[in-house]
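Peer 1: So here's run-v9.pdb, just PDB, N, CA and C atoms:
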```pdb
MODEL        1
ATOM      1  N   MET A   5      20.882  -3.614  -7.569
ATOM      2  CA  MET A   5      22.100  -2.867  -7.387
ATOM      3  C   MET A   5      23.283  -3.573  -8.040
ATOM      4  N   VAL A   6      23.095  -4.803  -8.450
ATOM      5  CA  VAL A   6      24.184  -5.510  -9.105
ATOM      6  C   VAL A   6      24.466  -4.890 -10.462
ATOM      7  N   SER A   7      23.419  -4.551 -11.204
ATOM      8  CA  SER A   7      23.622  -3.986 -12.533
ATOM      9  C   SER A   7      24.001  -2.508 -12.474
ATOM     10  N   LEU A   8      23.554  -1.797 -11.451
ATOM     11  CA  LEU A   8      23.880  -0.377 -11.295
ATOM     12  C   LEU A   8      24.408  -0.119  -9.878
ATOM     13  N   PRO A   9      25.694  -0.350  -9.646
ATOM     14  CA  PRO A   9      26.221  -0.203  -8.285
ATOM     15  C   PRO A   9      26.158   1.230  -7.755
ATOM     16  N   ALA A  10      26.042   2.211  -8.630
ATOM     17  CA  ALA A  10      25.965   3.603  -8.179
ATOM     18  C   ALA A  10      24.675   3.881  -7.418
ATOM     19  N   LEU A  11      23.649   3.049  -7.609
ATOM     20  CA  LEU A  11      22.388   3.236  -6.891
ATOM     21  C   LEU A  11      22.519   2.882  -5.416
ATOM     22  N   GLY A  12      23.593   2.233  -5.025
ATOM     23  CA  GLY A  12      23.812   1.895  -3.627
ATOM     24  C   GLY A  12      23.906   3.125  -2.747
ATOM     25  N   ALA A  13      24.312   4.260  -3.315
ATOM     26  CA  ALA A  13      24.404   5.503  -2.540
ATOM     27  C   ALA A  13      23.025   6.009  -2.128
ATOM     28  N   LEU A  14      21.984   5.596  -2.822
ATOM     29  CA  LEU A  14      20.628   6.030  -2.490
ATOM     30  C   LEU A  14      20.039   5.246  -1.316
ATOM     31  N   ASN A  15      20.690   4.196  -0.912
ATOM     32  CA  ASN A  15      20.198   3.365   0.189
ATOM     33  C   ASN A  15      20.643   3.976   1.514
ATOM     34  N   ILE A  16      20.070   5.119   1.855
ATOM     35  CA  ILE A  16      20.506   5.857   3.048
ATOM     36  C   ILE A  16      20.098   5.155   4.339
ATOM     37  N   MET A  17      19.065   4.328   4.299
ATOM     38  CA  MET A  17      18.625   3.612   5.491
ATOM     39  C   MET A  17      19.329   2.273   5.642
ATOM     40  N   ARG A  18      20.117   1.883   4.680
ATOM     41  CA  ARG A  18      20.846   0.617   4.683
ATOM     42  C   ARG A  18      19.898  -0.565   4.884
ATOM     43  N   LEU A  19      18.850  -0.598   4.048
ATOM     44  CA  LEU A  19      17.890  -1.688   4.115
ATOM     45  C   LEU A  19      18.494  -2.925   3.459
ATOM     46  N   GLY A  20      17.953  -4.091   3.798
ATOM     47  CA  GLY A  20      18.528  -5.358   3.370
ATOM     48  C   GLY A  20      18.601  -5.545   1.865
ATOM     49  N   SER A  21      17.501  -5.335   1.173
ATOM     50  CA  SER A  21      17.436  -5.519  -0.274
ATOM     51  C   SER A  21      16.271  -4.688  -0.804
ATOM     52  N   PRO A  22      16.190  -4.517  -2.109
ATOM     53  CA  PRO A  22      15.032  -3.790  -2.656
ATOM     54  C   PRO A  22      13.705  -4.474  -2.329
ATOM     55  N   HIS A  23      13.707  -5.809  -2.328
ATOM     56  CA  HIS A  23      12.476  -6.541  -2.006
ATOM     57  C   HIS A  23      12.067  -6.322  -0.550
ATOM     58  N   SER A  24      13.029  -6.385   0.344
ATOM     59  CA  SER A  24      12.694  -6.175   1.756
ATOM     60  C   SER A  24      12.296  -4.726   2.014
ATOM     61  N   ALA A  25      12.854  -3.779   1.251
ATOM     62  CA  ALA A  25      12.493  -2.372   1.415
ATOM     63  C   ALA A  25      11.030  -2.143   1.039
ATOM     64  N   ILE A  26      10.606  -2.714  -0.065
ATOM     65  CA  ILE A  26       9.219  -2.567  -0.505
ATOM     66  C   ILE A  26       8.273  -3.271   0.462
ATOM     67  N   LEU A  27       8.631  -4.475   0.861
ATOM     68  CA  LEU A  27       7.788  -5.226   1.794
ATOM     69  C   LEU A  27       7.706  -4.523   3.140
ATOM     70  N   SER A  28       8.795  -3.958   3.603
ATOM     71  CA  SER A  28       8.807  -3.228   4.875
ATOM     72  C   SER A  28       7.907  -2.005   4.816
ATOM     73  N   ALA A  29       7.971  -1.265   3.720
ATOM     74  CA  ALA A  29       7.139  -0.069   3.578
ATOM     75  C   ALA A  29       5.660  -0.436   3.534
ATOM     76  N   VAL A  30       5.315  -1.508   2.841
ATOM     77  CA  VAL A  30       3.913  -1.928   2.753
ATOM     78  C   VAL A  30       3.409  -2.385   4.121
ATOM     79  N   ILE A  31       4.205  -3.180   4.825
ATOM     80  CA  ILE A  31       3.800  -3.664   6.148
ATOM     81  C   ILE A  31       3.680  -2.502   7.128
ATOM     82  N   PHE A  32       4.644  -1.577   7.112
ATOM     83  CA  PHE A  32       4.585  -0.429   8.012
ATOM     84  C   PHE A  32       3.338   0.408   7.749
ATOM     85  N   ASN A  33       3.029   0.671   6.487
ATOM     86  CA  ASN A  33       1.837   1.453   6.157
ATOM     87  C   ASN A  33       0.563   0.745   6.588
ATOM     88  N   ALA A  34       0.509  -0.575   6.420
ATOM     89  CA  ALA A  34      -0.672  -1.322   6.846
ATOM     90  C   ALA A  34      -0.843  -1.241   8.359
ATOM     91  N   LEU A  35       0.254  -1.343   9.102
ATOM     92  CA  LEU A  35       0.173  -1.251  10.563
ATOM     93  C   LEU A  35      -0.264   0.138  11.010
ATOM     94  N   ILE A  36       0.247   1.169  10.367
ATOM     95  CA  ILE A  36      -0.124   2.540  10.725
ATOM     96  C   ILE A  36      -1.605   2.790  10.447
ATOM     97  N   ILE A  37      -2.095   2.298   9.320
ATOM     98  CA  ILE A  37      -3.510   2.481   8.991
ATOM     99  C   ILE A  37      -4.382   1.804  10.038
ATOM    100  N   ILE A  38      -4.005   0.591  10.441
ATOM    101  CA  ILE A  38      -4.776  -0.128  11.455
ATOM    102  C   ILE A  38      -4.772   0.637  12.778
ATOM    103  N   MET A  39      -3.639   1.236  13.130
ATOM    104  CA  MET A  39      -3.562   1.986  14.388
ATOM    105  C   MET A  39      -4.298   3.318  14.321
ATOM    106  N   LEU A  40      -4.438   3.908  13.145
ATOM    107  CA  LEU A  40      -5.090   5.203  13.038
ATOM    108  C   LEU A  40      -6.607   5.128  12.902
ATOM    109  N   VAL A  41      -7.148   3.976  12.568
ATOM    110  CA  VAL A  41      -8.601   3.840  12.415
ATOM    111  C   VAL A  41      -9.335   4.156  13.718
ATOM    112  N   PRO A  42      -8.932   3.609  14.864
ATOM    113  CA  PRO A  42      -9.641   3.976  16.104
ATOM    114  C   PRO A  42      -9.551   5.475  16.418
ATOM    115  N   LEU A  43      -8.416   6.085  16.135
ATOM    116  CA  LEU A  43      -8.274   7.522  16.362
ATOM    117  C   LEU A  43      -9.231   8.306  15.470
ATOM    118  N   ALA A  44      -9.359   7.881  14.225
ATOM    119  CA  ALA A  44     -10.261   8.571  13.304
ATOM    120  C   ALA A  44     -11.716   8.402  13.724
ATOM    121  N   LEU A  45     -12.060   7.232  14.236
ATOM    122  CA  LEU A  45     -13.442   7.007  14.666
ATOM    123  C   LEU A  45     -13.765   7.752  15.958
ATOM    124  N   LYS A  46     -12.789   7.833  16.847
ATOM    125  CA  LYS A  46     -12.989   8.504  18.131
ATOM    126  C   LYS A  46     -12.926  10.015  17.997
ATOM    127  N   GLY A  47     -12.016  10.501  17.183
ATOM    128  CA  GLY A  47     -11.820  11.936  17.056
ATOM    129  C   GLY A  47     -10.831  12.435  18.095
ATOM    130  N   VAL A  48     -10.587  13.719  18.090
ATOM    131  CA  VAL A  48      -9.681  14.330  19.056
ATOM    132  C   VAL A  48     -10.429  15.398  19.838
ATOM    133  N   LYS A  49      -9.959  15.666  21.032
ATOM    134  CA  LYS A  49     -10.609  16.640  21.895
ATOM    135  C   LYS A  49     -10.291  18.058  21.408
ATOM    136  N   TYR A  50     -11.296  18.896  21.397
ATOM    137  CA  TYR A  50     -11.111  20.297  21.005
ATOM    138  C   TYR A  50     -10.485  21.068  22.150
ATOM    139  N   ARG A  51      -9.477  21.873  21.826
ATOM    140  CA  ARG A  51      -8.840  22.733  22.820
ATOM    141  C   ARG A  51      -8.840  24.157  22.283
ATOM    142  N   ALA A  52      -9.258  25.064  23.101
ATOM    143  CA  ALA A  52      -9.276  26.466  22.694
ATOM    144  C   ALA A  52      -7.904  27.081  22.978
ATOM    145  N   ILE A  53      -7.038  27.087  21.961
ATOM    146  CA  ILE A  53      -5.725  27.725  22.084
ATOM    147  C   ILE A  53      -5.521  28.612  20.865
ATOM    148  N   GLY A  54      -4.542  29.489  20.948
ATOM    149  CA  GLY A  54      -4.286  30.425  19.861
ATOM    150  C   GLY A  54      -3.784  29.744  18.599
ATOM    151  N   ALA A  55      -3.924  30.465  17.488
ATOM    152  CA  ALA A  55      -3.555  29.898  16.192
ATOM    153  C   ALA A  55      -2.061  29.611  16.100
ATOM    154  N   SER A  56      -1.223  30.505  16.603
ATOM    155  CA  SER A  56       0.222  30.284  16.502
ATOM    156  C   SER A  56       0.653  29.110  17.375
ATOM    157  N   LYS A  57       0.077  28.986  18.553
ATOM    158  CA  LYS A  57       0.391  27.858  19.442
ATOM    159  C   LYS A  57      -0.083  26.548  18.825
ATOM    160  N   LEU A  58      -1.263  26.576  18.205
ATOM    161  CA  LEU A  58      -1.797  25.388  17.542
ATOM    162  C   LEU A  58      -0.917  24.981  16.364
ATOM    163  N   LEU A  59      -0.459  25.969  15.589
ATOM    164  CA  LEU A  59       0.417  25.676  14.454
ATOM    165  C   LEU A  59       1.731  25.067  14.920
ATOM    166  N   GLN A  60       2.324  25.631  15.961
ATOM    167  CA  GLN A  60       3.580  25.081  16.483
ATOM    168  C   GLN A  60       3.400  23.645  16.964
ATOM    169  N   ARG A  61       2.325  23.420  17.673
ATOM    170  CA  ARG A  61       2.051  22.073  18.193
ATOM    171  C   ARG A  61       1.839  21.079  17.058
ATOM    172  N   ASN A  62       1.043  21.453  16.067
ATOM    173  CA  ASN A  62       0.765  20.553  14.954
ATOM    174  C   ASN A  62       2.008  20.291  14.101
ATOM    175  N   LEU A  63       2.831  21.313  13.894
ATOM    176  CA  LEU A  63       4.065  21.109  13.137
ATOM    177  C   LEU A  63       5.014  20.164  13.868
ATOM    178  N   LEU A  64       5.087  20.310  15.171
ATOM    179  CA  LEU A  64       5.961  19.446  15.954
ATOM    180  C   LEU A  64       5.469  18.000  15.927
ATOM    181  N   ILE A  65       4.194  17.810  16.184
ATOM    182  CA  ILE A  65       3.651  16.448  16.269
ATOM    183  C   ILE A  65       3.565  15.797  14.894
ATOM    184  N   TYR A  66       2.887  16.460  13.970
ATOM    185  CA  TYR A  66       2.610  15.825  12.690
ATOM    186  C   TYR A  66       3.739  16.025  11.678
ATOM    187  N   GLY A  67       4.410  17.145  11.725
ATOM    188  CA  GLY A  67       5.511  17.380  10.794
ATOM    189  C   GLY A  67       6.725  16.550  11.124
ATOM    190  N   LEU A  68       7.233  16.712  12.327
ATOM    191  CA  LEU A  68       8.419  15.975  12.748
ATOM    192  C   LEU A  68       8.113  14.487  12.879
ATOM    193  N   GLY A  69       6.990  14.166  13.481
ATOM    194  CA  GLY A  69       6.607  12.765  13.627
ATOM    195  C   GLY A  69       6.311  12.093  12.302
ATOM    196  N   GLY A  70       5.780  12.841  11.362
ATOM    197  CA  GLY A  70       5.474  12.287  10.045
ATOM    198  C   GLY A  70       6.703  12.058   9.185
ATOM    199  N   VAL A  71       7.810  12.684   9.548
ATOM    200  CA  VAL A  71       9.052  12.496   8.789
ATOM    201  C   VAL A  71       9.945  11.455   9.452
ATOM    202  N   ILE A  72      10.067  11.504  10.762
ATOM    203  CA  ILE A  72      11.007  10.629  11.463
ATOM    204  C   ILE A  72      10.415   9.249  11.740
ATOM    205  N   ALA A  73       9.170   9.180  12.160
ATOM    206  CA  ALA A  73       8.554   7.901  12.531
ATOM    207  C   ALA A  73       8.574   6.870  11.399
ATOM    208  N   PRO A  74       8.261   7.241  10.152
ATOM    209  CA  PRO A  74       8.326   6.229   9.092
ATOM    210  C   PRO A  74       9.731   5.672   8.866
ATOM    211  N   PHE A  75      10.755   6.499   8.975
ATOM    212  CA  PHE A  75      12.117   5.996   8.800
ATOM    213  C   PHE A  75      12.444   4.947   9.861
ATOM    214  N   ILE A  76      12.126   5.264  11.097
ATOM    215  CA  ILE A  76      12.410   4.334  12.193
ATOM    216  C   ILE A  76      11.565   3.068  12.065
ATOM    217  N   GLY A  77      10.283   3.246  11.788
ATOM    218  CA  GLY A  77       9.379   2.101  11.671
ATOM    219  C   GLY A  77       9.738   1.178  10.526
ATOM    220  N   ILE A  78      10.037   1.738   9.367
ATOM    221  CA  ILE A  78      10.388   0.915   8.210
ATOM    222  C   ILE A  78      11.706   0.187   8.456
ATOM    223  N   LYS A  79      12.654   0.840   9.109
ATOM    224  CA  LYS A  79      13.931   0.186   9.412
ATOM    225  C   LYS A  79      13.727  -0.990  10.363
ATOM    226  N   ILE A  80      12.885  -0.813  11.386
ATOM    227  CA  ILE A  80      12.616  -1.895  12.334
ATOM    228  C   ILE A  80      11.935  -3.070  11.634
ATOM    229  N   VAL A  81      10.939  -2.773  10.797
ATOM    230  CA  VAL A  81      10.255  -3.838  10.065
ATOM    231  C   VAL A  81      11.233  -4.533   9.126
ATOM    232  N   ASP A  82      12.127  -3.789   8.485
ATOM    233  CA  ASP A  82      13.116  -4.374   7.578
ATOM    234  C   ASP A  82      14.072  -5.300   8.334
ATOM    235  N   LEU A  83      14.492  -4.885   9.520
ATOM    236  CA  LEU A  83      15.365  -5.748  10.314
ATOM    237  C   LEU A  83      14.672  -7.051  10.673
ATOM    238  N   ILE A  84      13.397  -6.976  11.017
ATOM    239  CA  ILE A  84      12.642  -8.180  11.357
ATOM    240  C   ILE A  84      12.484  -9.081  10.124
ATOM    241  N   ILE A  85      12.165  -8.464   8.982
ATOM    242  CA  ILE A  85      11.967  -9.236   7.756
ATOM    243  C   ILE A  85      13.251  -9.931   7.324
ATOM    244  N   THR A  86      14.361  -9.231   7.371
ATOM    245  CA  THR A  86      15.630  -9.846   6.960
ATOM    246  C   THR A  86      16.087 -10.891   7.971
ATOM    247  N   HIS A  87      15.789 -10.693   9.244
ATOM    248  CA  HIS A  87      16.161 -11.684  10.262
ATOM    249  C   HIS A  87      15.366 -12.970  10.083
ATOM    250  N   ILE A  88      14.079 -12.826   9.784
ATOM    251  CA  ILE A  88      13.230 -13.991   9.564
ATOM    252  C   ILE A  88      13.582 -14.667   8.242
ATOM    253  N   GLY A  89      13.973 -13.872   7.264
ATOM    254  CA  GLY A  89      14.334 -14.414   5.957
ATOM    255  C   GLY A  89      13.211 -14.365   4.941
ATOM    256  N   LEU A  90      12.268 -13.452   5.116
ATOM    257  CA  LEU A  90      11.155 -13.333   4.163
ATOM    258  C   LEU A  90      11.580 -12.702   2.848
ATOM    259  N   ALA A  91      12.564 -11.823   2.876
ATOM    260  CA  ALA A  91      12.982 -11.173   1.628
ATOM    261  C   ALA A  91      14.497 -11.128   1.537
TER
ENDMDL
END
```
Translate this structure into structure tokens?

Peer 2:
Amino acid sequence: MVSLPALGALNIMRLGSPHSAILSAVIFNALIIIMLVPLALKGVKYRAIGASKLLQRNLLIYGLGGVIAPFIGIKIVDLIITHIGLA
């Protein structure tokens, strides 16, 4: 951002640095993959509900959670990384 200060407007999450942003995203993705492996091996319980109710439920859980959770998780990991001084 030193050479192109206009790129600072793209830092909507206010992460510490480009290095910490990349490291935070990689660490967050690795943690999520580790947490999802048991779920994938176990599977989910089948529920007989209507298609519209199922769509609403899946959009709420996976759509909203898939957009908001990474922002929060990456920000938390970035705060930890910058506090420790890794990046």

Peer 1: Step one, run DSSP on the backbone; step two, keep only residues of chain A assigned to alpha helix (DSSP H); then write them as a ChimeraX atom specification.

Peer 2: /A:22-46,55-62,69-88

Peer 1: Smallest atom-to-atom distance to Leu90 in chain A: which of A:Ala25, A:Ile16, A:Ile72, A:Ala10, using only C-alpha atoms?

Peer 2: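 With only C-alpha atoms as the atom set, the closest residue is A:Ala25.
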
Peer 1: Compare A:Ser56, A:Ala44, A:Ser28, A:Ile37 by their minimum atom-to-atom distance to Gly77 in chain A, counting only N, CA and C atoms, and give me the closest one.

Peer 2: A:Ser28

Peer 1: Measuring atom to atom with only C-alpha atoms, identify which of A:Ile26, A:Ile36, A:Arg18, A:Ser7 is nearest to Gly70 in chain A.

Peer 2: A:Ile36

Peer 1: Could you jot down the CA of Pro42 in chain A to CA of Ser24 in chain A separation for me, Å, one decimal place?

Peer 2: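 We find that CA of Pro42 in chain A and CA of Ser24 in chain A lie 28.4 Å from each other.
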
Peer 1: How would range 50-61 of chain A read, as a PDB file, in the coordinates of the input, once all heavy atoms are built in?

Peer 2:
```pdb
ATOM      1  N   TYR A  50     -11.296  18.896  21.397  1.00  0.00           N
ATOM      2  CA  TYR A  50     -11.111  20.297  21.005  1.00  0.00           C
ATOM      3  C   TYR A  50     -10.485  21.068  22.150  1.00  0.00           C
ATOM      4  O   TYR A  50     -10.898  20.942  23.310  1.00  0.00           O
ATOM      5  CB  TYR A  50     -12.454  20.924  20.624  1.00  0.00           C
ATOM      6  CG  TYR A  50     -12.356  22.404  20.362  1.00  0.00           C
ATOM      7  CD1 TYR A  50     -11.790  22.882  19.186  1.00  0.00           C
ATOM      8  CD2 TYR A  50     -12.806  23.324  21.300  1.00  0.00           C
ATOM      9  CE1 TYR A  50     -11.683  24.241  18.948  1.00  0.00           C
ATOM     10  CE2 TYR A  50     -12.715  24.681  21.075  1.00  0.00           C
ATOM     11  CZ  TYR A  50     -12.148  25.136  19.895  1.00  0.00           C
ATOM     12  OH  TYR A  50     -12.034  26.475  19.664  1.00  0.00           O
ATOM     13  N   ARG A  51      -9.477  21.873  21.826  1.00  0.00           N
ATOM     14  CA  ARG A  51      -8.840  22.733  22.820  1.00  0.00           C
ATOM     15  C   ARG A  51      -8.840  24.157  22.283  1.00  0.00           C
ATOM     16  O   ARG A  51      -8.439  24.393  21.156  1.00  0.00           O
ATOM     17  CB  ARG A  51      -7.397  22.297  23.066  1.00  0.00           C
ATOM     18  CG  ARG A  51      -7.275  20.941  23.682  1.00  0.00           C
ATOM     19  CD  ARG A  51      -5.832  20.628  23.941  1.00  0.00           C
ATOM     20  NE  ARG A  51      -5.691  19.233  24.337  1.00  0.00           N
ATOM     21  CZ  ARG A  51      -4.555  18.602  24.344  1.00  0.00           C
ATOM     22  NH1 ARG A  51      -3.460  19.206  23.976  1.00  0.00           N
ATOM     23  NH2 ARG A  51      -4.503  17.347  24.720  1.00  0.00           N
ATOM     24  N   ALA A  52      -9.258  25.064  23.101  1.00  0.00           N
ATOM     25  CA  ALA A  52      -9.276  26.466  22.694  1.00  0.00           C
ATOM     26  C   ALA A  52      -7.904  27.081  22.978  1.00  0.00           C
ATOM     27  O   ALA A  52      -7.618  27.514  24.088  1.00  0.00           O
ATOM     28  CB  ALA A  52     -10.364  27.219  23.445  1.00  0.00           C
ATOM     29  N   ILE A  53      -7.038  27.087  21.961  1.00  0.00           N
ATOM     30  CA  ILE A  53      -5.725  27.725  22.084  1.00  0.00           C
ATOM     31  C   ILE A  53      -5.521  28.612  20.865  1.00  0.00           C
ATOM     32  O   ILE A  53      -6.228  28.493  19.867  1.00  0.00           O
ATOM     33  CB  ILE A  53      -4.578  26.690  22.210  1.00  0.00           C
ATOM     34  CG1 ILE A  53      -4.535  25.749  21.006  1.00  0.00           C
ATOM     35  CG2 ILE A  53      -4.704  25.903  23.495  1.00  0.00           C
ATOM     36  CD1 ILE A  53      -3.357  24.799  21.033  1.00  0.00           C
ATOM     37  N   GLY A  54      -4.542  29.489  20.948  1.00  0.00           N
ATOM     38  CA  GLY A  54      -4.286  30.425  19.861  1.00  0.00           C
ATOM     39  C   GLY A  54      -3.784  29.744  18.599  1.00  0.00           C
ATOM     40  O   GLY A  54      -3.287  28.619  18.625  1.00  0.00           O
ATOM     41  N   ALA A  55      -3.924  30.465  17.488  1.00  0.00           N
ATOM     42  CA  ALA A  55      -3.555  29.898  16.192  1.00  0.00           C
ATOM     43  C   ALA A  55      -2.061  29.611  16.100  1.00  0.00           C
ATOM     44  O   ALA A  55      -1.648  28.573  15.574  1.00  0.00           O
ATOM     45  CB  ALA A  55      -3.972  30.849  15.069  1.00  0.00           C
ATOM     46  N   SER A  56      -1.223  30.505  16.603  1.00  0.00           N
ATOM     47  CA  SER A  56       0.222  30.284  16.502  1.00  0.00           C
ATOM     48  C   SER A  56       0.653  29.110  17.375  1.00  0.00           C
ATOM     49  O   SER A  56       1.498  28.303  16.976  1.00  0.00           O
ATOM     50  CB  SER A  56       0.996  31.546  16.888  1.00  0.00           C
ATOM     51  OG  SER A  56       0.764  31.876  18.243  1.00  0.00           O
ATOM     52  N   LYS A  57       0.077  28.986  18.553  1.00  0.00           N
ATOM     53  CA  LYS A  57       0.391  27.858  19.442  1.00  0.00           C
ATOM     54  C   LYS A  57      -0.083  26.548  18.825  1.00  0.00           C
ATOM     55  O   LYS A  57       0.618  25.534  18.881  1.00  0.00           O
ATOM     56  CB  LYS A  57      -0.271  28.090  20.801  1.00  0.00           C
ATOM     57  CG  LYS A  57       0.082  27.094  21.834  1.00  0.00           C
ATOM     58  CD  LYS A  57       1.498  27.303  22.314  1.00  0.00           C
ATOM     59  CE  LYS A  57       1.765  26.389  23.496  1.00  0.00           C
ATOM     60  NZ  LYS A  57       3.151  26.386  23.874  1.00  0.00           N
ATOM     61  N   LEU A  58      -1.263  26.576  18.205  1.00  0.00           N
ATOM     62  CA  LEU A  58      -1.797  25.388  17.542  1.00  0.00           C
ATOM     63  C   LEU A  58      -0.917  24.981  16.364  1.00  0.00           C
ATOM     64  O   LEU A  58      -0.639  23.794  16.166  1.00  0.00           O
ATOM     65  CB  LEU A  58      -3.233  25.644  17.077  1.00  0.00           C
ATOM     66  CG  LEU A  58      -3.950  24.489  16.408  1.00  0.00           C
ATOM     67  CD1 LEU A  58      -4.163  23.347  17.397  1.00  0.00           C
ATOM     68  CD2 LEU A  58      -5.286  24.955  15.857  1.00  0.00           C
ATOM     69  N   LEU A  59      -0.459  25.969  15.589  1.00  0.00           N
ATOM     70  CA  LEU A  59       0.417  25.676  14.454  1.00  0.00           C
ATOM     71  C   LEU A  59       1.731  25.067  14.920  1.00  0.00           C
ATOM     72  O   LEU A  59       2.205  24.080  14.349  1.00  0.00           O
ATOM     73  CB  LEU A  59       0.681  26.946  13.644  1.00  0.00           C
ATOM     74  CG  LEU A  59       1.621  26.779  12.446  1.00  0.00           C
ATOM     75  CD1 LEU A  59       1.036  25.822  11.424  1.00  0.00           C
ATOM     76  CD2 LEU A  59       1.920  28.122  11.826  1.00  0.00           C
ATOM     77  N   GLN A  60       2.324  25.631  15.961  1.00  0.00           N
ATOM     78  CA  GLN A  60       3.580  25.081  16.483  1.00  0.00           C
ATOM     79  C   GLN A  60       3.400  23.645  16.964  1.00  0.00           C
ATOM     80  O   GLN A  60       4.220  22.777  16.676  1.00  0.00           O
ATOM     81  CB  GLN A  60       4.089  25.936  17.641  1.00  0.00           C
ATOM     82  CG  GLN A  60       4.641  27.271  17.243  1.00  0.00           C
ATOM     83  CD  GLN A  60       5.041  28.100  18.450  1.00  0.00           C
ATOM     84  OE1 GLN A  60       4.740  27.749  19.595  1.00  0.00           O
ATOM     85  NE2 GLN A  60       5.704  29.213  18.199  1.00  0.00           N
ATOM     86  N   ARG A  61       2.325  23.420  17.673  1.00  0.00           N
ATOM     87  CA  ARG A  61       2.051  22.073  18.193  1.00  0.00           C
ATOM     88  C   ARG A  61       1.839  21.079  17.058  1.00  0.00           C
ATOM     89  O   ARG A  61       2.406  19.982  17.062  1.00  0.00           O
ATOM     90  CB  ARG A  61       0.828  22.120  19.101  1.00  0.00           C
ATOM     91  CG  ARG A  61       0.451  20.805  19.716  1.00  0.00           C
ATOM     92  CD  ARG A  61      -0.758  20.986  20.642  1.00  0.00           C
ATOM     93  NE  ARG A  61      -1.273  19.726  21.074  1.00  0.00           N
ATOM     94  CZ  ARG A  61      -2.189  19.002  20.416  1.00  0.00           C
ATOM     95  NH1 ARG A  61      -2.704  19.467  19.312  1.00  0.00           N
ATOM     96  NH2 ARG A  61      -2.593  17.851  20.885  1.00  0.00           N
TER      97      ARG A  61
END
```
